[in-house]
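This is data30.cif (mmCIF, N, CA and C atoms and all ligand atoms).
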```
data_input
#
loop_
_atom_site.label_atom_id
_atom_site.label_comp_id
_atom_site.auth_asym_id
_atom_site.auth_seq_id
_atom_site.Cartn_x
_atom_site.Cartn_y
_atom_site.Cartn_z
N MET Y 21 -16.71 -38.71 -20.83
CA MET Y 21 -16.53 -38.72 -19.38
C MET Y 21 -17.67 -39.46 -18.70
N GLY Y 22 -17.34 -40.44 -17.89
CA GLY Y 22 -18.37 -41.22 -17.22
C GLY Y 22 -19.02 -40.42 -16.10
N PHE Y 23 -20.09 -40.97 -15.59
CA PHE Y 23 -20.84 -40.28 -14.54
C PHE Y 23 -19.98 -40.04 -13.29
N LEU Y 24 -19.20 -41.08 -12.94
CA LEU Y 24 -18.38 -40.98 -11.73
C LEU Y 24 -17.30 -39.91 -11.87
N ASP Y 25 -16.65 -39.92 -13.08
CA ASP Y 25 -15.61 -38.93 -13.34
C ASP Y 25 -16.17 -37.52 -13.19
N GLU Y 26 -17.35 -37.35 -13.78
CA GLU Y 26 -17.99 -36.05 -13.74
C GLU Y 26 -18.30 -35.64 -12.30
N LEU Y 27 -18.77 -36.60 -11.55
CA LEU Y 27 -19.13 -36.35 -10.15
C LEU Y 27 -17.89 -35.93 -9.36
N VAL Y 28 -16.79 -36.68 -9.58
CA VAL Y 28 -15.55 -36.38 -8.87
C VAL Y 28 -15.05 -34.98 -9.23
N SER Y 29 -15.10 -34.68 -10.54
CA SER Y 29 -14.63 -33.38 -11.00
C SER Y 29 -15.45 -32.24 -10.40
N THR Y 30 -16.78 -32.43 -10.34
CA THR Y 30 -17.66 -31.41 -9.76
C THR Y 30 -17.36 -31.23 -8.27
N THR Y 31 -17.18 -32.35 -7.59
CA THR Y 31 -16.91 -32.30 -6.16
C THR Y 31 -15.61 -31.55 -5.89
N LYS Y 32 -14.60 -31.81 -6.75
CA LYS Y 32 -13.31 -31.15 -6.60
C LYS Y 32 -13.46 -29.64 -6.74
N ASN Y 33 -14.22 -29.23 -7.76
CA ASN Y 33 -14.42 -27.80 -7.98
C ASN Y 33 -15.10 -27.14 -6.80
N VAL Y 34 -16.12 -27.79 -6.28
CA VAL Y 34 -16.84 -27.25 -5.14
C VAL Y 34 -15.89 -27.10 -3.96
N ALA Y 35 -15.07 -28.14 -3.76
CA ALA Y 35 -14.13 -28.11 -2.64
C ALA Y 35 -13.13 -26.97 -2.81
N ALA Y 36 -12.65 -26.76 -4.04
CA ALA Y 36 -11.68 -25.70 -4.30
C ALA Y 36 -12.29 -24.33 -4.01
N THR Y 37 -13.53 -24.15 -4.46
CA THR Y 37 -14.22 -22.88 -4.22
C THR Y 37 -14.41 -22.65 -2.73
N ALA Y 38 -14.83 -23.70 -2.04
CA ALA Y 38 -15.05 -23.58 -0.60
C ALA Y 38 -13.74 -23.26 0.11
N GLY Y 39 -12.65 -23.89 -0.37
CA GLY Y 39 -11.35 -23.65 0.24
C GLY Y 39 -10.91 -22.22 0.08
N LYS Y 40 -11.15 -21.68 -1.11
CA LYS Y 40 -10.79 -20.29 -1.39
C LYS Y 40 -11.58 -19.35 -0.49
N LYS Y 41 -12.87 -19.65 -0.36
CA LYS Y 41 -13.75 -18.82 0.48
C LYS Y 41 -13.25 -18.83 1.91
N THR Y 42 -12.84 -20.03 2.39
CA THR Y 42 -12.37 -20.16 3.75
C THR Y 42 -11.08 -19.35 3.94
N ASP Y 43 -10.17 -19.47 2.95
CA ASP Y 43 -8.92 -18.70 3.00
C ASP Y 43 -9.19 -17.22 3.13
N GLU Y 44 -10.13 -16.75 2.30
CA GLU Y 44 -10.48 -15.33 2.31
C GLU Y 44 -11.07 -14.92 3.65
N ALA Y 45 -11.92 -15.79 4.19
CA ALA Y 45 -12.56 -15.49 5.47
C ALA Y 45 -11.52 -15.40 6.58
N VAL Y 46 -10.55 -16.32 6.54
CA VAL Y 46 -9.49 -16.33 7.55
C VAL Y 46 -8.64 -15.07 7.42
N LYS Y 47 -8.28 -14.76 6.17
CA LYS Y 47 -7.47 -13.59 5.89
C LYS Y 47 -8.19 -12.32 6.38
N LEU Y 48 -9.48 -12.29 6.08
CA LEU Y 48 -10.30 -11.12 6.42
C LEU Y 48 -10.40 -10.94 7.94
N SER Y 49 -10.60 -12.05 8.64
CA SER Y 49 -10.75 -11.93 10.09
C SER Y 49 -9.43 -11.55 10.74
N LYS Y 50 -8.31 -12.02 10.14
CA LYS Y 50 -6.98 -11.64 10.65
C LYS Y 50 -6.75 -10.14 10.44
N LEU Y 51 -7.12 -9.67 9.24
CA LEU Y 51 -6.95 -8.25 8.92
C LEU Y 51 -7.80 -7.38 9.84
N LYS Y 52 -9.01 -7.85 10.10
CA LYS Y 52 -9.92 -7.08 10.96
C LYS Y 52 -9.39 -7.01 12.39
N MET Y 53 -8.76 -8.12 12.83
CA MET Y 53 -8.16 -8.14 14.16
C MET Y 53 -6.99 -7.16 14.23
N LYS Y 54 -6.18 -7.18 13.16
CA LYS Y 54 -5.02 -6.29 13.06
C LYS Y 54 -5.48 -4.83 13.05
N LYS Y 55 -6.58 -4.60 12.35
CA LYS Y 55 -7.12 -3.25 12.26
C LYS Y 55 -7.57 -2.76 13.64
N ALA Y 56 -8.27 -3.63 14.35
CA ALA Y 56 -8.75 -3.27 15.69
C ALA Y 56 -7.57 -2.99 16.62
N GLN Y 57 -6.53 -3.84 16.50
CA GLN Y 57 -5.33 -3.68 17.33
C GLN Y 57 -4.64 -2.35 17.02
N THR Y 58 -4.50 -2.05 15.72
CA THR Y 58 -3.84 -0.81 15.31
C THR Y 58 -4.64 0.40 15.77
N ASN Y 59 -5.96 0.32 15.65
CA ASN Y 59 -6.82 1.40 16.12
C ASN Y 59 -6.63 1.65 17.61
N SER Y 60 -6.53 0.59 18.37
CA SER Y 60 -6.38 0.75 19.81
C SER Y 60 -4.97 1.26 20.15
N ASP Y 61 -3.98 0.86 19.32
CA ASP Y 61 -2.61 1.39 19.48
C ASP Y 61 -2.60 2.90 19.27
N ILE Y 62 -3.29 3.33 18.20
CA ILE Y 62 -3.35 4.76 17.88
C ILE Y 62 -4.02 5.52 19.03
N LYS Y 63 -5.08 4.95 19.55
CA LYS Y 63 -5.80 5.57 20.67
C LYS Y 63 -4.87 5.74 21.87
N GLY Y 64 -4.06 4.69 22.09
CA GLY Y 64 -3.09 4.73 23.19
C GLY Y 64 -2.06 5.83 23.00
N LYS Y 65 -1.63 6.01 21.74
CA LYS Y 65 -0.63 7.04 21.43
C LYS Y 65 -1.22 8.44 21.67
N TYR Y 66 -2.49 8.60 21.31
CA TYR Y 66 -3.15 9.90 21.53
C TYR Y 66 -3.22 10.20 23.04
N GLU Y 67 -3.51 9.17 23.82
CA GLU Y 67 -3.54 9.33 25.27
C GLU Y 67 -2.17 9.76 25.78
N LYS Y 68 -1.12 9.11 25.25
CA LYS Y 68 0.25 9.42 25.64
C LYS Y 68 0.58 10.87 25.29
N LEU Y 69 0.10 11.28 24.12
CA LEU Y 69 0.32 12.64 23.65
C LEU Y 69 -0.35 13.65 24.60
N GLY Y 70 -1.58 13.31 25.00
CA GLY Y 70 -2.31 14.16 25.94
C GLY Y 70 -1.60 14.27 27.27
N GLU Y 71 -1.11 13.13 27.73
CA GLU Y 71 -0.36 13.09 28.99
C GLU Y 71 0.87 13.98 28.91
N LEU Y 72 1.55 13.86 27.76
CA LEU Y 72 2.78 14.61 27.53
C LEU Y 72 2.50 16.12 27.54
N VAL Y 73 1.40 16.51 26.90
CA VAL Y 73 1.02 17.92 26.85
C VAL Y 73 0.73 18.41 28.27
N TYR Y 74 0.04 17.58 29.03
CA TYR Y 74 -0.28 17.94 30.41
C TYR Y 74 0.99 18.12 31.24
N GLU Y 75 1.91 17.15 31.11
CA GLU Y 75 3.17 17.23 31.85
C GLU Y 75 3.97 18.46 31.44
N MET Y 76 3.97 18.74 30.16
CA MET Y 76 4.70 19.90 29.64
C MET Y 76 4.11 21.19 30.20
N ALA Y 77 2.77 21.22 30.28
CA ALA Y 77 2.11 22.41 30.81
C ALA Y 77 2.43 22.58 32.30
N LYS Y 78 2.45 21.47 33.02
CA LYS Y 78 2.73 21.49 34.46
C LYS Y 78 4.17 21.93 34.72
N ALA Y 79 5.09 21.36 33.92
CA ALA Y 79 6.51 21.64 34.13
C ALA Y 79 6.89 23.02 33.58
N GLY Y 80 6.04 23.55 32.70
CA GLY Y 80 6.31 24.85 32.11
C GLY Y 80 7.43 24.81 31.09
N GLU Y 81 7.77 23.61 30.61
CA GLU Y 81 8.78 23.51 29.54
C GLU Y 81 8.39 22.45 28.53
N LYS Y 82 8.84 22.67 27.30
CA LYS Y 82 8.46 21.76 26.23
C LYS Y 82 9.45 20.61 26.06
N ASP Y 83 8.89 19.42 25.95
CA ASP Y 83 9.69 18.22 25.71
C ASP Y 83 9.49 17.84 24.24
N ASN Y 84 10.09 18.62 23.35
CA ASN Y 84 9.81 18.47 21.92
C ASN Y 84 10.22 17.12 21.35
N ASP Y 85 11.35 16.59 21.80
CA ASP Y 85 11.84 15.31 21.26
C ASP Y 85 10.83 14.20 21.49
N ASN Y 86 10.37 14.11 22.74
CA ASN Y 86 9.41 13.08 23.12
C ASN Y 86 8.10 13.28 22.36
N PHE Y 87 7.70 14.55 22.26
CA PHE Y 87 6.45 14.90 21.57
C PHE Y 87 6.50 14.48 20.11
N ASP Y 88 7.59 14.87 19.44
CA ASP Y 88 7.74 14.53 18.01
C ASP Y 88 7.78 13.02 17.80
N ALA Y 89 8.40 12.32 18.74
CA ALA Y 89 8.51 10.86 18.62
C ALA Y 89 7.13 10.22 18.63
N VAL Y 90 6.25 10.68 19.53
CA VAL Y 90 4.91 10.10 19.61
C VAL Y 90 4.10 10.46 18.36
N VAL Y 91 4.28 11.70 17.87
CA VAL Y 91 3.58 12.12 16.64
C VAL Y 91 4.01 11.22 15.48
N ALA Y 92 5.31 10.94 15.40
CA ALA Y 92 5.83 10.07 14.33
C ALA Y 92 5.26 8.66 14.45
N GLU Y 93 5.11 8.20 15.72
CA GLU Y 93 4.54 6.86 15.94
C GLU Y 93 3.09 6.80 15.46
N ILE Y 94 2.35 7.89 15.71
CA ILE Y 94 0.95 7.94 15.26
C ILE Y 94 0.89 7.94 13.74
N ASP Y 95 1.79 8.70 13.11
CA ASP Y 95 1.84 8.72 11.64
C ASP Y 95 2.09 7.33 11.08
N ALA Y 96 3.05 6.62 11.68
CA ALA Y 96 3.39 5.28 11.21
C ALA Y 96 2.21 4.34 11.38
N LEU Y 97 1.53 4.42 12.51
CA LEU Y 97 0.37 3.55 12.77
C LEU Y 97 -0.77 3.86 11.81
N THR Y 98 -0.94 5.15 11.49
CA THR Y 98 -1.99 5.55 10.55
C THR Y 98 -1.72 4.96 9.17
N GLU Y 99 -0.43 4.96 8.80
CA GLU Y 99 -0.05 4.35 7.52
C GLU Y 99 -0.35 2.85 7.53
N THR Y 100 -0.02 2.20 8.64
CA THR Y 100 -0.30 0.77 8.79
C THR Y 100 -1.79 0.52 8.63
N LEU Y 101 -2.59 1.38 9.24
CA LEU Y 101 -4.05 1.25 9.18
C LEU Y 101 -4.55 1.36 7.74
N GLU Y 102 -4.01 2.32 7.00
CA GLU Y 102 -4.39 2.50 5.60
C GLU Y 102 -4.02 1.27 4.78
N ASP Y 103 -2.85 0.71 5.12
CA ASP Y 103 -2.38 -0.48 4.43
C ASP Y 103 -3.32 -1.66 4.69
N ILE Y 104 -3.73 -1.82 5.95
CA ILE Y 104 -4.66 -2.89 6.32
C ILE Y 104 -5.98 -2.71 5.57
N GLU Y 105 -6.44 -1.45 5.52
CA GLU Y 105 -7.70 -1.14 4.83
C GLU Y 105 -7.62 -1.54 3.36
N ARG Y 106 -6.46 -1.26 2.74
CA ARG Y 106 -6.25 -1.62 1.34
C ARG Y 106 -6.32 -3.13 1.15
N GLN Y 107 -5.70 -3.85 2.11
CA GLN Y 107 -5.70 -5.31 2.01
C GLN Y 107 -7.10 -5.88 2.18
N ILE Y 108 -7.88 -5.27 3.08
CA ILE Y 108 -9.27 -5.71 3.29
C ILE Y 108 -10.06 -5.47 2.00
N ASP Y 109 -9.85 -4.30 1.40
CA ASP Y 109 -10.53 -3.98 0.14
C ASP Y 109 -10.18 -4.98 -0.94
N GLU Y 110 -8.90 -5.37 -0.95
CA GLU Y 110 -8.43 -6.30 -1.97
C GLU Y 110 -9.15 -7.64 -1.86
N VAL Y 111 -9.30 -8.13 -0.63
CA VAL Y 111 -9.98 -9.40 -0.41
C VAL Y 111 -11.46 -9.28 -0.77
N ASN Y 112 -12.06 -8.15 -0.40
CA ASN Y 112 -13.50 -7.96 -0.64
C ASN Y 112 -13.82 -7.51 -2.05
N GLY Y 113 -12.80 -7.09 -2.81
CA GLY Y 113 -13.06 -6.53 -4.13
C GLY Y 113 -13.73 -5.17 -4.03
N THR Y 114 -13.35 -4.41 -2.99
CA THR Y 114 -13.95 -3.09 -2.79
C THR Y 114 -12.89 -2.01 -2.78
N LEU Y 115 -13.34 -0.77 -2.75
CA LEU Y 115 -12.47 0.39 -2.66
C LEU Y 115 -12.98 1.27 -1.53
N THR Y 116 -12.05 1.98 -0.87
CA THR Y 116 -12.46 2.93 0.15
C THR Y 116 -12.28 4.33 -0.41
N CYS Y 117 -13.32 5.12 -0.39
CA CYS Y 117 -13.27 6.48 -0.91
C CYS Y 117 -12.31 7.32 -0.06
N VAL Y 118 -11.38 8.01 -0.73
CA VAL Y 118 -10.40 8.80 0.01
C VAL Y 118 -11.05 10.03 0.65
N ASN Y 119 -12.18 10.44 0.11
CA ASN Y 119 -12.84 11.64 0.61
C ASN Y 119 -13.78 11.36 1.78
N CYS Y 120 -14.70 10.40 1.60
CA CYS Y 120 -15.71 10.19 2.64
C CYS Y 120 -15.56 8.85 3.35
N GLY Y 121 -14.67 7.97 2.85
CA GLY Y 121 -14.44 6.71 3.53
C GLY Y 121 -15.46 5.63 3.21
N ALA Y 122 -16.37 5.93 2.29
CA ALA Y 122 -17.40 4.95 1.92
C ALA Y 122 -16.77 3.79 1.15
N LYS Y 123 -17.33 2.60 1.35
CA LYS Y 123 -16.88 1.41 0.62
C LYS Y 123 -17.71 1.27 -0.64
N THR Y 124 -17.03 0.93 -1.72
CA THR Y 124 -17.74 0.74 -2.97
C THR Y 124 -17.05 -0.36 -3.77
N LYS Y 125 -17.73 -0.92 -4.75
CA LYS Y 125 -17.13 -1.95 -5.60
C LYS Y 125 -15.96 -1.36 -6.37
N ASN Y 126 -14.89 -2.14 -6.55
CA ASN Y 126 -13.68 -1.57 -7.14
C ASN Y 126 -13.77 -1.37 -8.66
N ASP Y 127 -14.93 -1.68 -9.27
CA ASP Y 127 -15.05 -1.36 -10.69
C ASP Y 127 -15.80 -0.04 -10.90
N ASN Y 128 -16.15 0.62 -9.80
CA ASN Y 128 -16.77 1.94 -9.90
C ASN Y 128 -15.68 2.99 -10.14
N SER Y 129 -15.97 3.97 -10.99
CA SER Y 129 -15.01 5.04 -11.25
C SER Y 129 -15.21 6.20 -10.29
N TYR Y 130 -16.43 6.35 -9.77
CA TYR Y 130 -16.73 7.45 -8.87
C TYR Y 130 -17.41 6.93 -7.62
N CYS Y 131 -17.16 7.62 -6.50
CA CYS Y 131 -17.80 7.25 -5.25
C CYS Y 131 -19.30 7.50 -5.36
N PRO Y 132 -20.14 6.47 -5.10
CA PRO Y 132 -21.59 6.66 -5.22
C PRO Y 132 -22.15 7.59 -4.13
N LYS Y 133 -21.36 7.81 -3.09
CA LYS Y 133 -21.84 8.62 -1.97
C LYS Y 133 -21.53 10.11 -2.16
N CYS Y 134 -20.26 10.40 -2.53
CA CYS Y 134 -19.87 11.81 -2.62
C CYS Y 134 -19.39 12.22 -4.01
N GLY Y 135 -19.24 11.26 -4.94
CA GLY Y 135 -18.89 11.60 -6.31
C GLY Y 135 -17.41 11.81 -6.56
N THR Y 136 -16.56 11.55 -5.54
CA THR Y 136 -15.12 11.68 -5.73
C THR Y 136 -14.61 10.62 -6.71
N LYS Y 137 -13.70 11.03 -7.61
CA LYS Y 137 -13.13 10.08 -8.56
C LYS Y 137 -12.30 9.05 -7.80
N LEU Y 138 -12.53 7.79 -8.10
CA LEU Y 138 -11.82 6.72 -7.38
C LEU Y 138 -10.58 6.29 -8.16
N PRO Y 139 -9.53 5.89 -7.45
CA PRO Y 139 -8.31 5.46 -8.13
C PRO Y 139 -8.53 4.18 -8.93
N VAL Y 140 -7.81 4.06 -10.01
CA VAL Y 140 -7.89 2.86 -10.84
C VAL Y 140 -6.99 1.81 -10.21
N ILE Y 141 -7.52 0.61 -10.05
CA ILE Y 141 -6.73 -0.47 -9.45
C ILE Y 141 -5.71 -0.97 -10.47
N GLU Y 142 -4.45 -0.91 -10.05
CA GLU Y 142 -3.41 -1.42 -10.95
C GLU Y 142 -3.23 -2.91 -10.69
N THR Y 143 -3.01 -3.63 -11.78
CA THR Y 143 -2.78 -5.06 -11.61
C THR Y 143 -1.28 -5.30 -11.42
N VAL Y 144 -0.95 -6.03 -10.37
CA VAL Y 144 0.44 -6.27 -10.03
C VAL Y 144 1.10 -7.19 -11.06
N LYS Y 145 0.28 -8.05 -11.66
CA LYS Y 145 0.80 -9.03 -12.61
C LYS Y 145 1.54 -8.37 -13.78
N GLU Y 146 1.01 -7.24 -14.23
CA GLU Y 146 1.64 -6.54 -15.36
C GLU Y 146 3.05 -6.09 -15.00
N GLU Y 147 3.21 -5.60 -13.77
CA GLU Y 147 4.53 -5.15 -13.33
C GLU Y 147 5.52 -6.30 -13.32
N ASP Y 148 5.04 -7.46 -12.89
CA ASP Y 148 5.90 -8.63 -12.81
C ASP Y 148 6.38 -9.08 -14.19
N ALA Y 149 5.57 -8.80 -15.19
CA ALA Y 149 5.88 -9.25 -16.55
C ALA Y 149 7.04 -8.47 -17.16
N VAL Y 150 7.33 -7.28 -16.61
CA VAL Y 150 8.43 -6.47 -17.14
C VAL Y 150 9.75 -7.21 -16.91
N ALA Y 151 10.47 -7.41 -18.00
CA ALA Y 151 11.71 -8.17 -17.90
C ALA Y 151 12.80 -7.38 -17.17
N GLU Y 152 13.59 -8.08 -16.41
CA GLU Y 152 14.69 -7.44 -15.69
C GLU Y 152 15.80 -7.08 -16.68
N GLU Y 153 16.33 -5.89 -16.51
CA GLU Y 153 17.41 -5.49 -17.41
C GLU Y 153 18.70 -6.22 -17.03
N ALA Y 154 19.39 -6.67 -18.03
CA ALA Y 154 20.63 -7.40 -17.77
C ALA Y 154 21.68 -6.44 -17.22
N ALA Y 155 22.33 -6.85 -16.14
CA ALA Y 155 23.35 -6.01 -15.53
C ALA Y 155 24.61 -6.00 -16.39
N PRO Y 156 25.19 -4.82 -16.61
CA PRO Y 156 26.39 -4.78 -17.43
C PRO Y 156 27.57 -5.49 -16.77
N ALA Y 157 28.29 -6.28 -17.55
CA ALA Y 157 29.40 -7.08 -17.02
C ALA Y 157 30.75 -6.43 -17.30
N GLU Y 158 30.72 -5.15 -17.68
CA GLU Y 158 31.95 -4.46 -18.08
C GLU Y 158 32.98 -4.36 -16.95
N GLU Y 159 32.48 -4.00 -15.74
CA GLU Y 159 33.39 -3.80 -14.61
C GLU Y 159 34.26 -5.03 -14.34
N LYS Y 160 33.59 -6.19 -14.38
CA LYS Y 160 34.29 -7.44 -14.09
C LYS Y 160 35.38 -7.69 -15.15
N ALA Y 161 35.02 -7.45 -16.41
CA ALA Y 161 35.94 -7.67 -17.52
C ALA Y 161 37.18 -6.79 -17.38
N GLU Y 162 36.97 -5.56 -16.92
CA GLU Y 162 38.05 -4.61 -16.75
C GLU Y 162 39.07 -5.11 -15.70
N THR Y 163 38.54 -5.60 -14.57
CA THR Y 163 39.41 -6.09 -13.51
C THR Y 163 40.23 -7.27 -13.96
N GLU Y 164 39.57 -8.14 -14.73
CA GLU Y 164 40.26 -9.32 -15.24
C GLU Y 164 41.40 -8.95 -16.18
N ALA Y 165 41.16 -7.92 -17.00
CA ALA Y 165 42.15 -7.48 -17.97
C ALA Y 165 43.41 -6.94 -17.28
N LYS Y 166 43.20 -6.27 -16.13
CA LYS Y 166 44.33 -5.67 -15.43
C LYS Y 166 45.27 -6.71 -14.82
N THR Y 167 44.69 -7.82 -14.34
CA THR Y 167 45.51 -8.84 -13.69
C THR Y 167 46.34 -9.63 -14.70
N GLU Y 168 45.93 -9.53 -15.95
CA GLU Y 168 46.65 -10.26 -16.99
C GLU Y 168 47.90 -9.49 -17.43
N GLU Y 169 49.04 -10.15 -17.47
CA GLU Y 169 50.27 -9.41 -17.84
C GLU Y 169 51.00 -10.14 -18.96
ZN ZN T 201 -16.87 9.33 -1.17
#
```

As structure tokens - that is how I would like this structure written.
Amino acid sequence: MGFLDELVSTTKNVAATAGKKTDEAVKLSKLKMKKAQTNSDIKGKYEKLGELVYEMAKAGEKDNDNFDAVVAEIDALTETLEDIERQIDEVNGTLTCVNCGAKTKNDNSYCPKCGTKLPVIETVKEEDAVAEEAAPAEEKAETEAKTEE
């Protein structure tokens, strides 16, 4: 390999690494924005819940349907938040402790802060490798047999 070839190859590698870093940074900042938005949505729902409780107290009657609906919305948003957190961890190569919320490297088995056992990261690639089972073609064959006379 000549000097120029080597130089080009090195430059390409550097560019690829830089590109990956930029992608991750963009992804991370988008996730962080989404997280902030979801947090503020949740805060808004709590306010709505408080308002509802106040109105219910004033009216002297319970509006259970409306109340349950807002509670369900908060649950859904909390799930979204956990999902965003997981995605952030994935980009950073970190884990969030389910007990204390501390961030740690994803190759740790235990939380360094509180000692809680951390979940093992499953690789998605292995799941993809599982071959799809062939669908049985019996039903179709049966229908065809009936039309034949
Ligand atoms: Zn912990």

Can you build me a table of chain Y residues sitting at most 8 Å from ligand ZN 201 (chain T), with the closest atom pair per residue and its distance in Å to one decimal, using only C-alpha atoms and all ligand atoms, sorted by chain and residue number, as a tab-separated table?
```
residue	atom	partner	partner_atom	distance
Y:Thr116	CA	T:ZN201	ZN	7.9
Y:Cys117	CA	T:ZN201	ZN	4.6
Y:Val118	CA	T:ZN201	ZN	6.6
Y:Asn119	CA	T:ZN201	ZN	5.0
Y:Cys120	CA	T:ZN201	ZN	4.1
Y:Gly121	CA	T:ZN201	ZN	5.9
Y:Ala122	CA	T:ZN201	ZN	5.4
Y:Tyr130	CA	T:ZN201	ZN	7.9
Y:Cys131	CA	T:ZN201	ZN	4.7
Y:Pro132	CA	T:ZN201	ZN	6.8
Y:Lys133	CA	T:ZN201	ZN	5.1
Y:Cys134	CA	T:ZN201	ZN	4.2
Y:Gly135	CA	T:ZN201	ZN	6.0
Y:Thr136	CA	T:ZN201	ZN	5.4
```

Between atom C of Y:Leu51 and atom CA of Y:Ile104, what distance in Å does the model show, to one decimal? 6.5 Å

Å distance separating atom CA of Y:Val73 from atom N of Y:Phe87, one decimal place: 8.8 Å

For Y:Asp61, list every protein, DNA or RNA residue within 8 Å, evaluated using only N, CA and C atoms, and leave out those in the same chain fewer than 5 positions away; present the list as a PyMOL selection string. chain Y and resi 55-56+66-67+93-94+97

Using N, CA and C atoms, can you export the residues from the last selection as a compact mmCIF listing (two decimals), keeping the file's coordinate frame?
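And here's out24.txt as it stands now:
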```txt
# COMPACT_ATOMS: atom_id res chain seq x y z
N LYS Y 55 -6.58 -4.60 12.35
CA LYS Y 55 -7.12 -3.25 12.26
C LYS Y 55 -7.57 -2.76 13.64
N ALA Y 56 -8.27 -3.63 14.35
CA ALA Y 56 -8.75 -3.27 15.69
C ALA Y 56 -7.57 -2.99 16.62
N TYR Y 66 -2.49 8.60 21.31
CA TYR Y 66 -3.15 9.90 21.53
C TYR Y 66 -3.22 10.20 23.04
N GLU Y 67 -3.51 9.17 23.82
CA GLU Y 67 -3.54 9.33 25.27
C GLU Y 67 -2.17 9.76 25.78
N GLU Y 93 5.11 8.20 15.72
CA GLU Y 93 4.54 6.86 15.94
C GLU Y 93 3.09 6.80 15.46
N ILE Y 94 2.35 7.89 15.71
CA ILE Y 94 0.95 7.94 15.26
C ILE Y 94 0.89 7.94 13.74
N LEU Y 97 1.53 4.42 12.51
CA LEU Y 97 0.37 3.55 12.77
C LEU Y 97 -0.77 3.86 11.81
```

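Put simply, atom N of Y:Gly39 is 14.7 Å away from atom CA of Y:Val111.
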
Here is a test: counting only C-alpha atoms, which residue of Y:Thr124, Y:Lys41, Y:Leu115, Y:Lys65 is nearest to Y:Val140?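 Closest residue, counting only C-alpha atoms: Y:Leu115.
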
Could you list, as a ChimeraX atom specification, every residue within 10 Å of Y:Leu72, counting only C-alpha atoms and ignoring same-chain residues fewer than 2 positions away? /Y:66-70,74-78,82-84,86-87,90

Once DSSP has gone over the backbone, tell me which residues of stretch 91-134 of chain Y are in alpha helix (DSSP H), as a PyMOL selection string. chain Y and resi 91-112

Rank nothing, just name the residue among Y:Lys50, Y:Ser29, Y:Val91, Y:Glu102 nearest to Y:Gly64, using only C-alpha atoms.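 The answer is Y:Val91, which sits nearest to Y:Gly64.
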